[in-house]
file coords19.tsv (TSV, C-alpha atoms)
chain	number	residue	atom	x	y	z
N	12	MET	CA	0.00	0.00	0.00
N	13	ASN	CA	2.80	2.36	0.94
N	14	LYS	CA	4.71	1.43	-2.20
N	15	ASN	CA	1.65	2.19	-4.37
N	16	ASN	CA	1.09	5.50	-2.65
N	17	ASN	CA	4.70	6.52	-3.06
N	18	THR	CA	4.55	5.61	-6.73
N	19	LEU	CA	1.40	7.70	-7.06
N	20	ILE	CA	3.02	10.65	-5.32
N	21	ILE	CA	6.10	10.49	-7.49
N	22	SER	CA	3.97	10.16	-10.63
N	23	ILE	CA	1.93	13.21	-9.70
N	24	LEU	CA	5.02	15.27	-8.99
N	25	ILE	CA	6.69	14.24	-12.24
N	26	GLY	CA	3.50	15.03	-14.13
N	27	CYS	CA	3.27	18.47	-12.56
N	28	PHE	CA	6.87	19.33	-13.33
N	29	ALA	CA	6.38	18.11	-16.89
N	30	ILE	CA	3.37	20.40	-17.21
N	31	ALA	CA	5.34	23.31	-15.81
N	32	LEU	CA	8.13	22.70	-18.30
N	33	SER	CA	5.63	22.42	-21.13
N	34	ILE	CA	4.15	25.78	-20.22
N	35	ILE	CA	7.59	27.35	-20.25
N	36	PHE	CA	8.51	25.70	-23.55
N	37	TYR	CA	5.24	26.76	-25.17
N	38	ALA	CA	5.62	30.33	-24.00
N	39	ILE	CA	9.19	30.55	-25.27
N	40	GLN	CA	8.24	29.08	-28.64
N	41	THR	CA	5.27	31.41	-29.19
N	42	THR	CA	6.97	34.66	-28.19
N	43	PRO	CA	8.69	36.22	-31.22
N	44	THR	CA	11.78	38.21	-30.35
N	45	ASN	CA	14.05	40.39	-32.36
N	46	SER	CA	17.83	40.15	-32.42
N	47	ASN	CA	18.08	42.16	-29.20
N	48	GLY	CA	15.90	39.65	-27.41
N	49	ASN	CA	13.02	42.13	-27.11
N	50	VAL	CA	9.48	41.00	-27.79
N	51	GLN	CA	8.47	42.01	-31.29
N	52	VAL	CA	5.35	44.02	-31.73
N	53	GLU	CA	3.84	43.90	-35.16
N	54	THR	CA	1.69	46.56	-36.69
N	55	GLU	CA	-1.39	45.35	-38.47
N	56	LYS	CA	-0.88	44.42	-42.09
N	57	GLN	CA	-4.11	45.56	-43.69
N	58	ALA	CA	-5.21	48.24	-46.10
N	59	PRO	CA	-5.54	51.71	-44.51
N	60	LEU	CA	-9.05	52.41	-43.27
N	61	GLU	CA	-11.07	55.57	-43.56
N	62	ILE	CA	-11.34	56.52	-39.89
N	63	SER	CA	-13.84	59.10	-38.82
N	64	ILE	CA	-12.71	61.63	-36.22
N	65	ASP	CA	-16.35	62.49	-35.56
N	66	ASP	CA	-16.49	65.72	-33.53
N	67	ASP	CA	-13.81	64.64	-31.09
N	68	ALA	CA	-11.14	66.95	-29.76
N	69	VAL	CA	-8.17	67.63	-32.00
N	70	LEU	CA	-4.71	68.24	-30.57
N	71	GLY	CA	-2.28	70.06	-32.81
N	72	ASP	CA	-2.66	71.79	-36.15
N	73	PRO	CA	-6.04	70.86	-37.69
N	74	ASP	CA	-4.42	71.15	-41.14
N	75	ALA	CA	-1.59	68.72	-40.31
N	76	PRO	CA	-1.14	66.13	-43.10
N	77	ILE	CA	-1.08	63.12	-40.76
N	78	THR	CA	-3.99	62.18	-38.52
N	79	LEU	CA	-3.32	59.97	-35.51
N	80	VAL	CA	-6.51	58.61	-34.00
N	81	GLU	CA	-6.25	56.88	-30.65
N	82	PHE	CA	-9.01	54.66	-29.25
N	83	SER	CA	-8.41	54.28	-25.56
N	84	ASP	CA	-9.90	53.55	-22.16
N	85	TYR	CA	-9.01	55.58	-19.09
N	86	ASN	CA	-8.84	52.42	-16.97
N	87	CYS	CA	-6.51	50.54	-19.27
N	88	SER	CA	-2.98	50.35	-17.91
N	89	TYR	CA	-1.46	50.03	-21.37
N	90	CYS	CA	-3.26	53.17	-22.45
N	91	LYS	CA	-1.72	54.92	-19.46
N	92	ARG	CA	1.66	53.48	-20.37
N	93	HIS	CA	1.33	54.94	-23.86
N	94	PHE	CA	0.27	58.30	-22.45
N	95	THR	CA	3.23	58.38	-20.08
N	96	ASN	CA	6.01	56.93	-22.21
N	97	THR	CA	5.21	57.36	-25.89
N	98	PHE	CA	2.75	60.20	-26.32
N	99	PRO	CA	5.19	62.88	-25.07
N	100	LEU	CA	7.69	61.82	-27.73
N	101	ILE	CA	5.06	61.88	-30.48
N	102	LYS	CA	3.86	65.26	-29.30
N	103	LYS	CA	7.32	66.77	-29.23
N	104	LYS	CA	8.47	65.46	-32.59
N	105	TYR	CA	5.32	65.50	-34.65
N	106	ILE	CA	2.32	67.24	-33.06
N	107	ASP	CA	4.13	70.37	-31.89
N	108	THR	CA	5.85	70.67	-35.28
N	109	GLY	CA	2.58	70.60	-37.19
N	110	LYS	CA	3.15	67.28	-38.91
N	111	VAL	CA	0.55	65.26	-37.00
N	112	LYS	CA	-2.80	66.08	-35.51
N	113	MET	CA	-4.02	63.80	-32.78
N	114	VAL	CA	-7.61	62.82	-32.09
N	115	PHE	CA	-8.48	60.87	-28.97
N	116	ARG	CA	-11.64	58.80	-29.16
N	117	ASP	CA	-13.16	56.70	-26.42
N	118	ALA	CA	-13.20	52.92	-26.37
N	119	ALA	CA	-14.76	52.68	-22.92
N	120	TYR	CA	-14.74	48.91	-22.63
N	121	TYR	CA	-14.04	48.27	-18.97
N	122	GLY	CA	-17.19	49.06	-17.09
N	123	GLN	CA	-19.21	51.99	-15.85
N	124	ASN	CA	-16.22	53.76	-14.35
N	125	SER	CA	-14.54	53.90	-17.77
N	126	ILE	CA	-17.68	55.39	-19.28
N	127	ALA	CA	-17.97	57.92	-16.43
N	128	LEU	CA	-14.39	59.11	-16.89
N	129	ALA	CA	-14.83	59.36	-20.66
N	130	ASN	CA	-18.03	61.31	-20.07
N	131	ALA	CA	-16.15	63.71	-17.79
N	132	ALA	CA	-13.49	64.42	-20.40
N	133	SER	CA	-16.13	64.86	-23.07
N	134	CYS	CA	-17.98	67.30	-20.82
N	135	ALA	CA	-14.77	69.32	-20.59
N	136	GLN	CA	-14.71	69.54	-24.38
N	137	LYS	CA	-18.36	70.49	-24.56
N	138	ILE	CA	-17.89	73.35	-22.07
N	139	GLY	CA	-14.31	74.46	-22.66
N	140	GLY	CA	-13.30	73.22	-26.09
N	141	ASN	CA	-10.35	71.11	-27.27
N	142	GLU	CA	-7.82	72.62	-24.90
N	143	ALA	CA	-9.98	71.90	-21.86
N	144	TYR	CA	-10.55	68.37	-23.09
N	145	TYR	CA	-6.87	67.56	-23.26
N	146	LYS	CA	-6.22	69.12	-19.88
N	147	ILE	CA	-8.81	66.87	-18.25
N	148	HIS	CA	-7.59	63.98	-20.39
N	149	SER	CA	-4.07	64.46	-18.99
N	150	GLU	CA	-5.45	64.86	-15.50
N	151	ILE	CA	-7.25	61.51	-15.68
N	152	PHE	CA	-4.31	59.63	-17.17
N	153	SER	CA	-2.07	61.17	-14.53
N	154	GLY	CA	-4.08	59.29	-11.93
N	155	ASN	CA	-6.97	61.54	-10.95
N	156	LYS	CA	-9.98	59.24	-11.37
N	157	ASN	CA	-12.23	60.67	-8.71
N	158	LEU	CA	-15.06	62.60	-10.37
N	159	ASP	CA	-15.28	65.21	-7.59
N	160	ASN	CA	-11.55	65.88	-7.90
N	161	ILE	CA	-11.90	66.06	-11.68
N	162	ILE	CA	-14.59	68.71	-11.25
N	163	LEU	CA	-12.24	70.67	-9.00
N	164	ALA	CA	-9.42	70.30	-11.50
N	165	GLY	CA	-11.74	71.51	-14.23
N	166	SER	CA	-12.61	74.64	-12.32
N	167	ASP	CA	-8.88	75.25	-11.78
N	168	PHE	CA	-8.50	75.06	-15.56
N	169	GLY	CA	-11.22	77.69	-15.96
N	170	LEU	CA	-14.26	75.52	-16.60
N	171	ASP	CA	-17.56	76.69	-15.15
N	172	LYS	CA	-17.87	74.48	-12.10
N	173	THR	CA	-21.66	74.27	-12.01
N	174	ASN	CA	-22.04	73.37	-15.70
N	175	PHE	CA	-19.14	70.93	-15.58
N	176	SER	CA	-20.48	69.25	-12.48
N	177	GLU	CA	-24.00	68.93	-13.91
N	178	CYS	CA	-22.72	67.56	-17.18
N	179	ILE	CA	-20.72	64.89	-15.35
N	180	LYS	CA	-23.41	63.93	-12.88
N	181	ASN	CA	-26.14	63.81	-15.52
N	182	ASN	CA	-23.92	61.83	-17.93
N	183	GLU	CA	-24.78	64.33	-20.65
N	184	GLN	CA	-22.04	63.09	-22.98
N	185	MET	CA	-22.66	59.38	-22.52
N	186	ASP	CA	-24.20	59.00	-25.98
N	187	GLU	CA	-21.04	60.48	-27.45
N	188	VAL	CA	-18.87	58.08	-25.45
N	189	LEU	CA	-20.93	55.06	-26.45
N	190	TYR	CA	-20.93	56.17	-30.09
N	191	ASP	CA	-17.12	56.39	-30.04
N	192	SER	CA	-16.89	52.96	-28.43
N	193	GLN	CA	-19.15	51.46	-31.09
N	194	ASP	CA	-17.00	53.05	-33.78
N	195	ALA	CA	-13.96	51.48	-32.16
N	196	ARG	CA	-15.56	48.04	-32.44
N	197	LYS	CA	-16.54	48.77	-36.01
N	198	TYR	CA	-12.92	49.55	-36.90
N	199	GLY	CA	-11.74	46.32	-35.28
N	200	VAL	CA	-10.32	47.81	-32.08
N	201	ASN	CA	-10.99	44.94	-29.70
N	202	GLY	CA	-8.25	45.74	-27.22
N	203	THR	CA	-6.96	49.08	-26.02
N	204	PRO	CA	-5.10	51.16	-26.91
N	205	GLY	CA	-5.66	51.06	-30.65
N	206	PHE	CA	-4.31	53.61	-33.10
N	207	PHE	CA	-4.81	54.64	-36.70
N	208	ILE	CA	-2.14	56.69	-38.41
N	209	ASN	CA	-3.71	57.94	-41.64
N	210	GLY	CA	-5.77	54.77	-41.47
N	211	VAL	CA	-2.85	52.42	-40.76
N	212	LYS	CA	-3.77	50.38	-37.72
N	213	VAL	CA	-1.42	49.96	-34.76
N	214	SER	CA	-2.43	47.88	-31.77
N	215	GLY	CA	-1.11	48.16	-28.26
N	216	ALA	CA	1.24	50.33	-26.26
N	217	VAL	CA	4.01	49.91	-28.80
N	218	PRO	CA	7.31	51.79	-28.53
N	219	PHE	CA	7.80	55.21	-30.09
N	220	ASP	CA	9.95	53.64	-32.84
N	221	ASN	CA	6.89	51.92	-34.30
N	222	PHE	CA	4.99	55.22	-34.52
N	223	GLU	CA	8.02	57.01	-35.91
N	224	GLN	CA	8.46	54.47	-38.66
N	225	ILE	CA	4.85	54.69	-39.82
N	226	ILE	CA	4.63	58.48	-39.54
N	227	GLU	CA	7.88	58.96	-41.48
N	228	ASN	CA	6.59	56.56	-44.11
N	229	GLU	CA	3.36	58.55	-44.43
N	230	LEU	CA	5.29	61.81	-44.56
N	231	SER	CA	7.52	60.50	-47.32
N	232	LYS	CA	4.43	59.69	-49.42
N	233	LEU	CA	3.48	63.34	-49.29
N	234	ASN	CA	6.83	64.57	-50.68
G	29	MET	CA	-15.33	11.28	6.90
G	30	ASN	CA	-15.13	8.31	4.52
G	31	SER	CA	-13.69	8.05	1.04
G	32	ASN	CA	-17.07	8.69	-0.65
G	33	LYS	CA	-17.49	11.96	1.17
G	34	GLN	CA	-13.93	12.93	0.40
G	35	ALA	CA	-14.49	12.17	-3.27
G	36	PHE	CA	-17.67	14.24	-3.27
G	37	LEU	CA	-15.91	17.13	-1.58
G	38	PHE	CA	-13.06	16.90	-4.05
G	39	GLY	CA	-15.46	16.90	-7.00
G	40	PHE	CA	-17.57	19.77	-5.70
G	41	THR	CA	-14.56	21.94	-4.85
G	42	PHE	CA	-12.89	21.21	-8.18
G	43	ILE	CA	-15.99	22.14	-10.18
G	44	ALA	CA	-16.56	25.33	-8.18
G	45	LEU	CA	-12.94	26.47	-8.51
G	46	PHE	CA	-12.60	25.52	-12.16
G	47	LEU	CA	-15.85	27.15	-13.26
G	48	THR	CA	-15.02	30.31	-11.32
G	49	SER	CA	-11.60	30.53	-12.91
G	50	VAL	CA	-12.93	29.91	-16.43
G	51	ILE	CA	-15.61	32.57	-16.00
G	52	ALA	CA	-12.92	34.96	-14.77
G	53	LEU	CA	-10.79	34.16	-17.80
G	54	ILE	CA	-13.68	34.87	-20.15
G	55	LYS	CA	-15.18	37.96	-18.52
G	56	LEU	CA	-12.25	39.86	-17.06
G	57	PRO	CA	-9.65	41.95	-18.89
G	58	GLY	CA	-6.50	40.17	-19.85
G	59	SER	CA	-3.23	41.33	-21.30
G	60	PHE	CA	-2.39	40.56	-24.93
G	61	ASN	CA	0.38	42.08	-26.98
G	62	GLN	CA	0.49	45.20	-24.82
G	63	THR	CA	-3.24	45.78	-24.98
G	64	CYS	CA	-5.98	45.37	-22.39
G	65	LEU	CA	-8.42	42.88	-23.86
G	66	ILE	CA	-11.47	41.24	-22.33
G	67	GLY	CA	-10.96	37.50	-22.33
G	68	ALA	CA	-7.35	37.67	-23.49
G	69	TYR	CA	-6.35	35.00	-20.99
G	70	PHE	CA	-9.04	32.56	-22.17
G	71	THR	CA	-6.64	30.33	-24.06
G	72	PRO	CA	-6.43	26.52	-24.18
G	73	ILE	CA	-3.24	26.44	-22.17
G	74	ASN	CA	-4.72	28.66	-19.45
G	75	VAL	CA	-7.86	26.50	-19.27
G	76	VAL	CA	-5.69	23.39	-18.85
G	77	TYR	CA	-3.53	25.15	-16.29
G	78	ASN	CA	-6.62	26.22	-14.32
G	79	ALA	CA	-8.02	22.69	-14.44
G	80	ILE	CA	-4.78	21.34	-12.99
G	81	ALA	CA	-4.54	24.04	-10.32
G	82	SER	CA	-8.23	23.55	-9.39
G	83	SER	CA	-7.78	19.79	-9.02
G	84	MET	CA	-4.69	20.21	-6.87
G	85	VAL	CA	-6.36	22.73	-4.57
G	86	ALA	CA	-9.50	20.58	-4.37
G	87	PHE	CA	-7.36	17.56	-3.46
G	88	ILE	CA	-5.45	19.44	-0.76
G	89	LEU	CA	-8.64	20.92	0.74
G	90	SER	CA	-10.49	17.59	0.81
G	91	ASN	CA	-7.47	15.99	2.46
G	92	ILE	CA	-7.25	18.77	5.04
G	93	LEU	CA	-10.89	18.24	6.00
G	94	GLU	CA	-10.37	14.51	6.39
G	95	PHE	CA	-6.90	14.25	7.85
G	96	GLY	CA	-6.20	17.70	9.18
G	97	SER	CA	-3.17	19.71	8.17
G	98	ASN	CA	0.26	20.80	9.29
G	99	PHE	CA	2.44	23.81	8.62
G	100	LYS	CA	3.78	22.44	5.37
G	101	VAL	CA	0.33	21.76	3.96
G	102	ASN	CA	-0.95	25.15	5.10
G	103	SER	CA	1.99	26.98	3.53
G	104	SER	CA	1.22	25.40	0.18
G	105	MET	CA	-1.93	27.51	0.13
G	106	LEU	CA	0.39	30.28	-1.06
G	107	GLY	CA	0.02	28.46	-4.36
G	108	ILE	CA	-3.63	29.56	-4.41
G	109	PHE	CA	-2.59	33.20	-4.19
G	110	THR	CA	-0.11	32.89	-7.04
G	111	TRP	CA	-2.74	30.97	-9.04
G	112	ILE	CA	-5.36	33.66	-8.59
G	113	THR	CA	-2.97	36.36	-9.77
G	114	THR	CA	-2.48	34.58	-13.08
G	115	THR	CA	-6.18	34.50	-13.93
G	116	PHE	CA	-6.48	38.09	-14.99
G	117	CYS	CA	-4.46	41.15	-15.80
G	118	ILE	CA	-3.93	42.86	-12.48
G	119	PRO	CA	-3.29	46.35	-13.90
G	120	CYS	CA	-6.36	45.96	-16.09
G	121	MET	CA	-8.33	45.28	-12.92
G	122	ILE	CA	-7.34	48.54	-11.31
G	123	PRO	CA	-10.87	49.95	-11.33
G	124	LEU	CA	-12.13	46.88	-9.50
G	125	LEU	CA	-9.27	46.64	-7.03
G	126	SER	CA	-8.54	50.27	-6.35
G	127	PHE	CA	-10.61	50.33	-3.21
G	128	LEU	CA	-8.10	47.96	-1.68
G	129	GLY	CA	-5.41	50.54	-2.17
G	130	PHE	CA	-2.66	48.23	-3.37
G	131	SER	CA	-3.60	47.52	-6.98
G	132	VAL	CA	-0.84	49.62	-8.47
G	133	SER	CA	1.85	47.75	-6.56
G	134	LEU	CA	0.62	44.46	-8.05
G	135	SER	CA	1.15	45.61	-11.62
G	136	PHE	CA	4.33	43.56	-11.99
G	137	LEU	CA	2.31	40.38	-11.69
G	138	SER	CA	0.83	40.52	-15.17
G	139	TYR	CA	4.28	40.92	-16.70
G	140	ASN	CA	5.56	37.78	-14.96
G	141	ASN	CA	2.40	35.76	-15.47
G	142	LEU	CA	4.13	32.63	-16.77
G	143	TRP	CA	6.50	32.38	-13.81
G	144	PHE	CA	3.60	32.77	-11.42
G	145	GLN	CA	1.84	29.91	-13.18
G	146	VAL	CA	4.91	27.75	-12.82
G	147	ALA	CA	5.39	28.83	-9.20
G	148	SER	CA	1.79	27.98	-8.31
G	149	ILE	CA	2.10	24.50	-9.85
G	150	VAL	CA	5.33	23.87	-7.94
G	151	ILE	CA	3.93	25.14	-4.63
G	152	LEU	CA	0.66	23.23	-5.02
G	153	SER	CA	2.63	20.08	-5.96
G	154	PHE	CA	4.44	20.44	-2.68
G	155	GLY	CA	1.04	20.75	-0.96
G	156	VAL	CA	-0.25	17.61	-2.68
G	157	TYR	CA	2.88	15.69	-1.66
G	158	GLU	CA	2.65	16.82	1.97
G	159	SER	CA	-1.10	16.07	2.08
G	160	LEU	CA	-0.46	12.53	0.84
G	161	LYS	CA	2.35	12.07	3.33
G	162	LEU	CA	0.06	13.20	6.13
G	163	LYS	CA	-2.67	10.86	4.92
G	164	ASN	CA	-0.23	7.94	4.75
G	165	SER	CA	0.99	8.53	8.28
G	166	LYS	CA	-2.58	8.77	9.61
G	167	CYS	CA	-3.63	5.62	7.77
G	168	LEU	CA	-0.60	3.71	9.04
G	169	ASN	CA	-1.73	4.64	12.54
G	170	GLY	CA	-5.20	3.27	11.75
G	171	ASN	CA	-6.92	6.65	11.71
G	172	CYS	CA	-8.66	6.41	8.37
G	173	ASP	CA	-11.47	4.45	6.77
G	174	ILE	CA	-9.65	3.83	3.51
call {"tool": "encode", "arguments": {"input": "coords19.tsv", "output": "structure tokens"}}
result
Amino acid sequence: MNKNNNTLIISILIGCFAIALSIIFYAIQTTPTNSNGNVQVETEKQAPLEISIDDDAVLGDPDAPITLVEFSDYNCSYCKRHFTNTFPLIKKKYIDTGKVKMVFRDAAYYGQNSIALANAASCAQKIGGNEAYYKIHSEIFSGNKNLDNIILAGSDFGLDKTNFSECIKNNEQMDEVLYDSQDARKYGVNGTPGFFINGVKVSGAVPFDNFEQIIENELSKLN
Amino acid sequence: MNSNKQAFLFGFTFIALFLTSVIALIKLPGSFNQTCLIGAYFTPINVVYNAIASSMVAFILSNILEFGSNFKVNSSMLGIFTWITTTFCIPCMIPLLSFLGFSVSLSFLSYNNLWFQVASIVILSFGVYESLKLKNSKCLNGNCDI
């Protein structure tokens, strides 16, 4: 009896270690890396799409030749990573120099809180225009996700506190948020963040190099 | 408790844990290619992994109820914690976890998901081994119905 039990124990342990090794092997095999050993991130190979910017806030020169549309969720950590790490580089090199205009559209996929935050930012645009929108947008991605604090921040930025507060509490821009989210689904943005650079789709919080390559390619087509 | 009751307890616990984990895999945000994506972790390998982890936890728990436990068996429950953290993308869960105040500090977990899966299997294997050892010693002393 003891011998059988010991055999069973050893068999179970061997099986479990074999499973663990299989998981490791599978993960290593299915993770493409470049010559530096970094995980490769591929941009989508499909024909450029005609992406609507609807009436969403534009950052940068409205006449810029390149349009970068971002579909994003305020509760997505990768969206925050893009905002923190990559967006400043894009802004400095391309948006501030008039080569790219950026349009942020909502893909509020992760619950009521995501929709509420998107509604708040959209309210800022409704009351204070594009500049106010991007100030509240930055405020939210910087970590301020409490609606009362967002209202206070808005009033610091010059937004009428009563109107801003009512707009947020009454969810006056929810239809706009939901419309943007539906558009995101329509364009095949299933995960966030998702980007379109003159219709060329880019998925995920990819490094700045990926954006640079595509933008430079689009700029060269114009010359 | 006899072997039929233990088997029932094992089966019930396994089904409850496995179904819960599969529902979590399907409904909660996962991490895929640097995007937050609902259901990203619902892959065949994760379903198999969760089935294995569920069965190991169910086995350990049913053994604890029948034969009691010791420090080594109890410490293997750490494997449950590491298992749970592999079921969904922790940073993607920030809106759900933020009331606990520590969600941001857990963000590294999603980036090391595979190693947490391996760690949970290893720790739970240890728990299974110790549970069986405890059961053997109790049965040798005549304290079981099996």
call {"tool": "axis_aligned_box", "arguments": {"input": "coords19.tsv", "around": "segment 65-82 of chain G", "padding_each_side": "3 Å", "output": "JSON"}}
result
{"center_x": -7.4, "center_y": 32.1, "center_z": -16.8, "size_x": 14.2, "size_y": 27.5, "size_z": 20.8}
call {"tool": "closest_residue", "arguments": {"input": "coords19.tsv", "among": "N:Tyr105, N:Phe175, N:Phe152, N:Tyr89", "to": "Asn130 of chain N", "atoms": "all atoms listed in the file"}}
result
N:Phe175
call {"tool": "interface_residues", "arguments": {"input": "coords19.tsv", "of": "chain G", "to": "chain N", "cutoff": "8 Å", "atoms": "only C-alpha atoms", "output": "number ranges by chain"}}
result
G: 57, 61-66, 73, 119-120, 122-123, 142, 145-146, 149-150, 153, 157, 160, 164
call {"tool": "residues_around", "arguments": {"input": "coords19.tsv", "residues": "segment 44-49 of chain G", "least_positions_apart": "2", "cutoff": "9 Å", "atoms": "all atoms listed in the file", "output": "list of chain:residue names"}}
result
G:Gly39, G:Phe40, G:Thr41, G:Phe42, G:Ile51, G:Ala52, G:Leu53, G:Ile54, G:Val75, G:Asn78, G:Ala79, G:Ile80, G:Ala81, G:Ser82, G:Ser83, G:Val85, G:Ala86, G:Ile112, G:Thr115
call {"tool": "atom_distance", "arguments": {"input": "coords19.tsv", "atom1": "atom CA of Phe168 of chain N", "atom2": "atom CA of Ile151 of chain N"}}
result
13.6 Å
call {"tool": "residues_near_point", "arguments": {"input": "coords19.tsv", "point": "(-6.7, 51.1, -41.1)", "cutoff": "9 Å", "atoms": "only C-alpha atoms", "output": "ChimeraX atom specification"}}
result
/N:55-62,198,206-213
